[in-house]
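**Q** Could you have a look at this structure, given as structure tokens, before my questions?
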Amino acid sequence: MQTLILLAALSSQITFKTSRDGAMTTVIPQVTLTQPCQCQVQMRFVRKGQGGESTSVQRNNLSIPANRPIDLSRLSVNIEPTDSVTLIVTVSDGQSLNLTQQWPPSE
């Protein structure tokens with residue numbers, strides 16, 4: 001059991017901090033890497049609602065240190081109950097590191 005906890009702590013990962021205030025939702029994607037990285041970060045946000053569909057894509061190159069959670073961005077969006085939203089975050093060094101995570105998690 002302790003080995004599994006240690007492996008989880010040592011693995012690179014993308015997580016999401018979220019908060020909600022009424023219809024306004026704030027999502028902060030974070031990455032923690034086991035090795036420092038000159039990485040390309042891509043965030044793709046898709047929203048489908050009564051007004052139609054919109055897609056936004058951001059790409060940045062970041063120097064990410066090891067073993068420290070780093071906020072990649074902050075997204076605040078007004079989400080109605082009938083809206084469908086997806087945020088996909090990818091962090092890659094162009095070689096061996098290629099992390100992708102989706103919010104909200106697929107069901």
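To be explicit about the labels: the chains of the structure tokens are called A, B, and onward in the order shown, and within each one the residues are counted from 1, while ligands get numbers from 1 in the order they are shown.
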For the strand (DSSP E) assignment from backbone DSSP, which residues of chain A qualify? Please present them as a short mmCIF file (atom, residue, chain, number, x, y, z; two decimals) with N, CA and C atoms, in the first residue's frame.
**A**
```
data_model
loop_
_atom_site.label_atom_id
_atom_site.label_comp_id
_atom_site.auth_asym_id
_atom_site.auth_seq_id
_atom_site.Cartn_x
_atom_site.Cartn_y
_atom_site.Cartn_z
N GLN A 13 1.54 14.52 -13.19
CA GLN A 13 0.09 14.53 -13.34
C GLN A 13 -0.46 15.93 -13.56
N ILE A 14 -1.66 15.96 -14.14
CA ILE A 14 -2.42 17.19 -14.31
C ILE A 14 -3.66 17.06 -13.43
N THR A 15 -3.92 18.07 -12.63
CA THR A 15 -5.11 18.10 -11.79
C THR A 15 -5.84 19.42 -12.00
N PHE A 16 -7.04 19.52 -11.46
CA PHE A 16 -7.84 20.73 -11.63
C PHE A 16 -8.37 21.19 -10.28
N LYS A 17 -8.16 22.48 -9.96
CA LYS A 17 -8.81 23.10 -8.81
C LYS A 17 -10.03 23.83 -9.37
N THR A 18 -11.18 23.61 -8.76
CA THR A 18 -12.40 24.26 -9.24
C THR A 18 -13.13 24.93 -8.09
N SER A 19 -13.83 26.00 -8.43
CA SER A 19 -14.73 26.65 -7.48
C SER A 19 -15.93 27.17 -8.25
N ARG A 20 -17.02 27.32 -7.54
CA ARG A 20 -18.25 27.77 -8.20
C ARG A 20 -18.91 28.85 -7.35
N ASP A 21 -19.34 29.90 -8.03
CA ASP A 21 -20.08 30.98 -7.38
C ASP A 21 -21.30 31.27 -8.25
N MET A 24 -21.12 31.00 -12.20
CA MET A 24 -19.72 31.22 -12.57
C MET A 24 -18.85 30.09 -12.00
N THR A 25 -18.14 29.42 -12.87
CA THR A 25 -17.23 28.34 -12.48
C THR A 25 -15.81 28.77 -12.83
N THR A 26 -14.89 28.59 -11.89
CA THR A 26 -13.48 28.87 -12.12
C THR A 26 -12.72 27.56 -12.07
N VAL A 27 -11.91 27.32 -13.10
CA VAL A 27 -11.11 26.10 -13.21
C VAL A 27 -9.65 26.51 -13.34
N ILE A 28 -8.80 25.92 -12.49
CA ILE A 28 -7.36 26.19 -12.55
C ILE A 28 -6.65 24.85 -12.78
N PRO A 29 -6.20 24.60 -14.02
CA PRO A 29 -5.43 23.38 -14.25
C PRO A 29 -4.03 23.51 -13.64
N GLN A 30 -3.58 22.47 -12.99
CA GLN A 30 -2.25 22.44 -12.38
C GLN A 30 -1.49 21.22 -12.90
N VAL A 31 -0.18 21.37 -13.02
CA VAL A 31 0.65 20.24 -13.41
C VAL A 31 1.76 20.08 -12.37
N THR A 32 2.07 18.83 -12.06
CA THR A 32 3.20 18.48 -11.22
C THR A 32 4.03 17.47 -11.99
N CYS A 37 11.04 20.65 -17.04
CA CYS A 37 10.67 20.49 -18.45
C CYS A 37 10.50 21.85 -19.13
N GLN A 38 11.01 21.95 -20.35
CA GLN A 38 10.65 23.01 -21.28
C GLN A 38 9.49 22.42 -22.08
N CYS A 39 8.28 22.75 -21.71
CA CYS A 39 7.11 22.06 -22.24
C CYS A 39 6.20 22.98 -23.04
N GLN A 40 5.47 22.37 -23.96
CA GLN A 40 4.38 23.06 -24.62
C GLN A 40 3.10 22.67 -23.90
N VAL A 41 2.31 23.68 -23.54
CA VAL A 41 1.04 23.46 -22.87
C VAL A 41 -0.07 23.89 -23.82
N GLN A 42 -1.04 23.01 -24.00
CA GLN A 42 -2.20 23.35 -24.82
C GLN A 42 -3.46 23.16 -24.00
N MET A 43 -4.35 24.15 -24.05
CA MET A 43 -5.64 24.07 -23.38
C MET A 43 -6.72 24.31 -24.42
N ARG A 44 -7.63 23.35 -24.51
CA ARG A 44 -8.73 23.42 -25.48
C ARG A 44 -10.04 23.41 -24.70
N PHE A 45 -10.81 24.49 -24.80
CA PHE A 45 -12.08 24.60 -24.10
C PHE A 45 -13.21 24.61 -25.13
N VAL A 46 -14.17 23.71 -24.96
CA VAL A 46 -15.32 23.61 -25.87
C VAL A 46 -16.58 23.78 -25.03
N ARG A 47 -17.46 24.65 -25.50
CA ARG A 47 -18.73 24.89 -24.82
C ARG A 47 -19.85 24.77 -25.84
N LYS A 48 -20.84 23.95 -25.50
CA LYS A 48 -22.03 23.80 -26.34
C LYS A 48 -23.24 24.19 -25.49
N GLY A 49 -24.05 25.09 -26.03
CA GLY A 49 -25.22 25.55 -25.30
C GLY A 49 -26.31 26.01 -26.24
N GLY A 52 -25.27 27.98 -29.28
CA GLY A 52 -24.40 27.36 -30.27
C GLY A 52 -23.18 26.75 -29.61
N GLU A 53 -22.11 26.63 -30.38
CA GLU A 53 -20.88 26.00 -29.91
C GLU A 53 -19.71 26.95 -30.09
N SER A 54 -18.83 26.98 -29.08
CA SER A 54 -17.61 27.79 -29.22
C SER A 54 -16.42 26.96 -28.75
N THR A 55 -15.29 27.21 -29.40
CA THR A 55 -14.05 26.52 -29.06
C THR A 55 -12.95 27.55 -28.91
N SER A 56 -12.17 27.39 -27.86
CA SER A 56 -11.02 28.27 -27.62
C SER A 56 -9.80 27.40 -27.38
N VAL A 57 -8.68 27.73 -28.04
CA VAL A 57 -7.45 26.97 -27.87
C VAL A 57 -6.32 27.94 -27.52
N GLN A 58 -5.57 27.60 -26.46
CA GLN A 58 -4.39 28.36 -26.07
C GLN A 58 -3.19 27.44 -26.11
N ARG A 59 -2.06 27.97 -26.58
CA ARG A 59 -0.80 27.22 -26.56
C ARG A 59 0.27 28.13 -25.98
N ASN A 60 1.05 27.58 -25.06
CA ASN A 60 2.14 28.33 -24.45
C ASN A 60 3.34 27.41 -24.29
N ASN A 61 4.52 27.98 -24.31
CA ASN A 61 5.73 27.25 -23.94
C ASN A 61 6.11 27.71 -22.55
N LEU A 62 6.29 26.75 -21.65
CA LEU A 62 6.60 27.07 -20.26
C LEU A 62 7.80 26.27 -19.76
N SER A 63 8.54 26.88 -18.88
CA SER A 63 9.59 26.19 -18.16
C SER A 63 8.97 25.74 -16.84
N ILE A 64 8.79 24.43 -16.68
CA ILE A 64 8.09 23.88 -15.52
C ILE A 64 9.11 23.18 -14.62
N ILE A 70 2.20 23.57 -10.37
CA ILE A 70 2.24 24.86 -11.08
C ILE A 70 0.87 25.12 -11.72
N ASP A 71 0.29 26.29 -11.43
CA ASP A 71 -0.95 26.69 -12.10
C ASP A 71 -0.63 27.01 -13.55
N LEU A 75 -9.35 29.78 -15.73
CA LEU A 75 -10.49 29.92 -16.63
C LEU A 75 -11.73 30.16 -15.80
N SER A 76 -12.39 31.29 -15.99
CA SER A 76 -13.66 31.58 -15.33
C SER A 76 -14.72 31.69 -16.41
N VAL A 77 -15.78 30.90 -16.26
CA VAL A 77 -16.80 30.84 -17.29
C VAL A 77 -18.17 30.69 -16.65
N ASN A 78 -19.15 31.32 -17.26
CA ASN A 78 -20.53 31.23 -16.82
C ASN A 78 -21.14 29.99 -17.46
N SER A 84 -22.94 22.15 -22.14
CA SER A 84 -21.97 21.05 -22.09
C SER A 84 -20.59 21.67 -22.29
N VAL A 85 -19.69 21.46 -21.34
CA VAL A 85 -18.35 22.04 -21.44
C VAL A 85 -17.29 20.96 -21.27
N THR A 86 -16.16 21.17 -21.95
CA THR A 86 -15.02 20.27 -21.84
C THR A 86 -13.75 21.11 -21.92
N LEU A 87 -12.84 20.87 -20.98
CA LEU A 87 -11.52 21.49 -21.01
C LEU A 87 -10.51 20.35 -21.09
N ILE A 88 -9.69 20.35 -22.14
CA ILE A 88 -8.66 19.33 -22.30
C ILE A 88 -7.30 20.02 -22.24
N VAL A 89 -6.47 19.56 -21.31
CA VAL A 89 -5.15 20.15 -21.09
C VAL A 89 -4.10 19.11 -21.46
N THR A 90 -3.14 19.53 -22.29
CA THR A 90 -2.03 18.65 -22.69
C THR A 90 -0.71 19.35 -22.37
N VAL A 91 0.19 18.61 -21.74
CA VAL A 91 1.54 19.09 -21.44
C VAL A 91 2.51 18.11 -22.09
N SER A 92 3.40 18.63 -22.94
CA SER A 92 4.31 17.76 -23.67
C SER A 92 5.69 18.40 -23.82
N ASN A 98 4.13 13.24 -22.33
CA ASN A 98 2.90 13.64 -23.01
C ASN A 98 1.73 13.35 -22.09
N LEU A 99 1.35 14.35 -21.31
CA LEU A 99 0.24 14.21 -20.36
C LEU A 99 -0.99 14.89 -20.91
N THR A 100 -2.15 14.25 -20.77
CA THR A 100 -3.42 14.85 -21.16
C THR A 100 -4.44 14.54 -20.08
N GLN A 101 -5.23 15.55 -19.73
CA GLN A 101 -6.28 15.36 -18.75
C GLN A 101 -7.48 16.21 -19.15
N GLN A 102 -8.67 15.70 -18.83
CA GLN A 102 -9.91 16.38 -19.21
C GLN A 102 -10.68 16.78 -17.97
N TRP A 103 -11.31 17.96 -18.05
CA TRP A 103 -12.26 18.40 -17.04
C TRP A 103 -13.53 18.80 -17.73
#
```
**Q** Which one of A:Thr82, A:Asn67, A:Ser106, A:Gln50 sits closest to Ser12 of chain A if you count only C-alpha atoms?
**A**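 The closest residue to Ser12 of chain A is A:Asn67.
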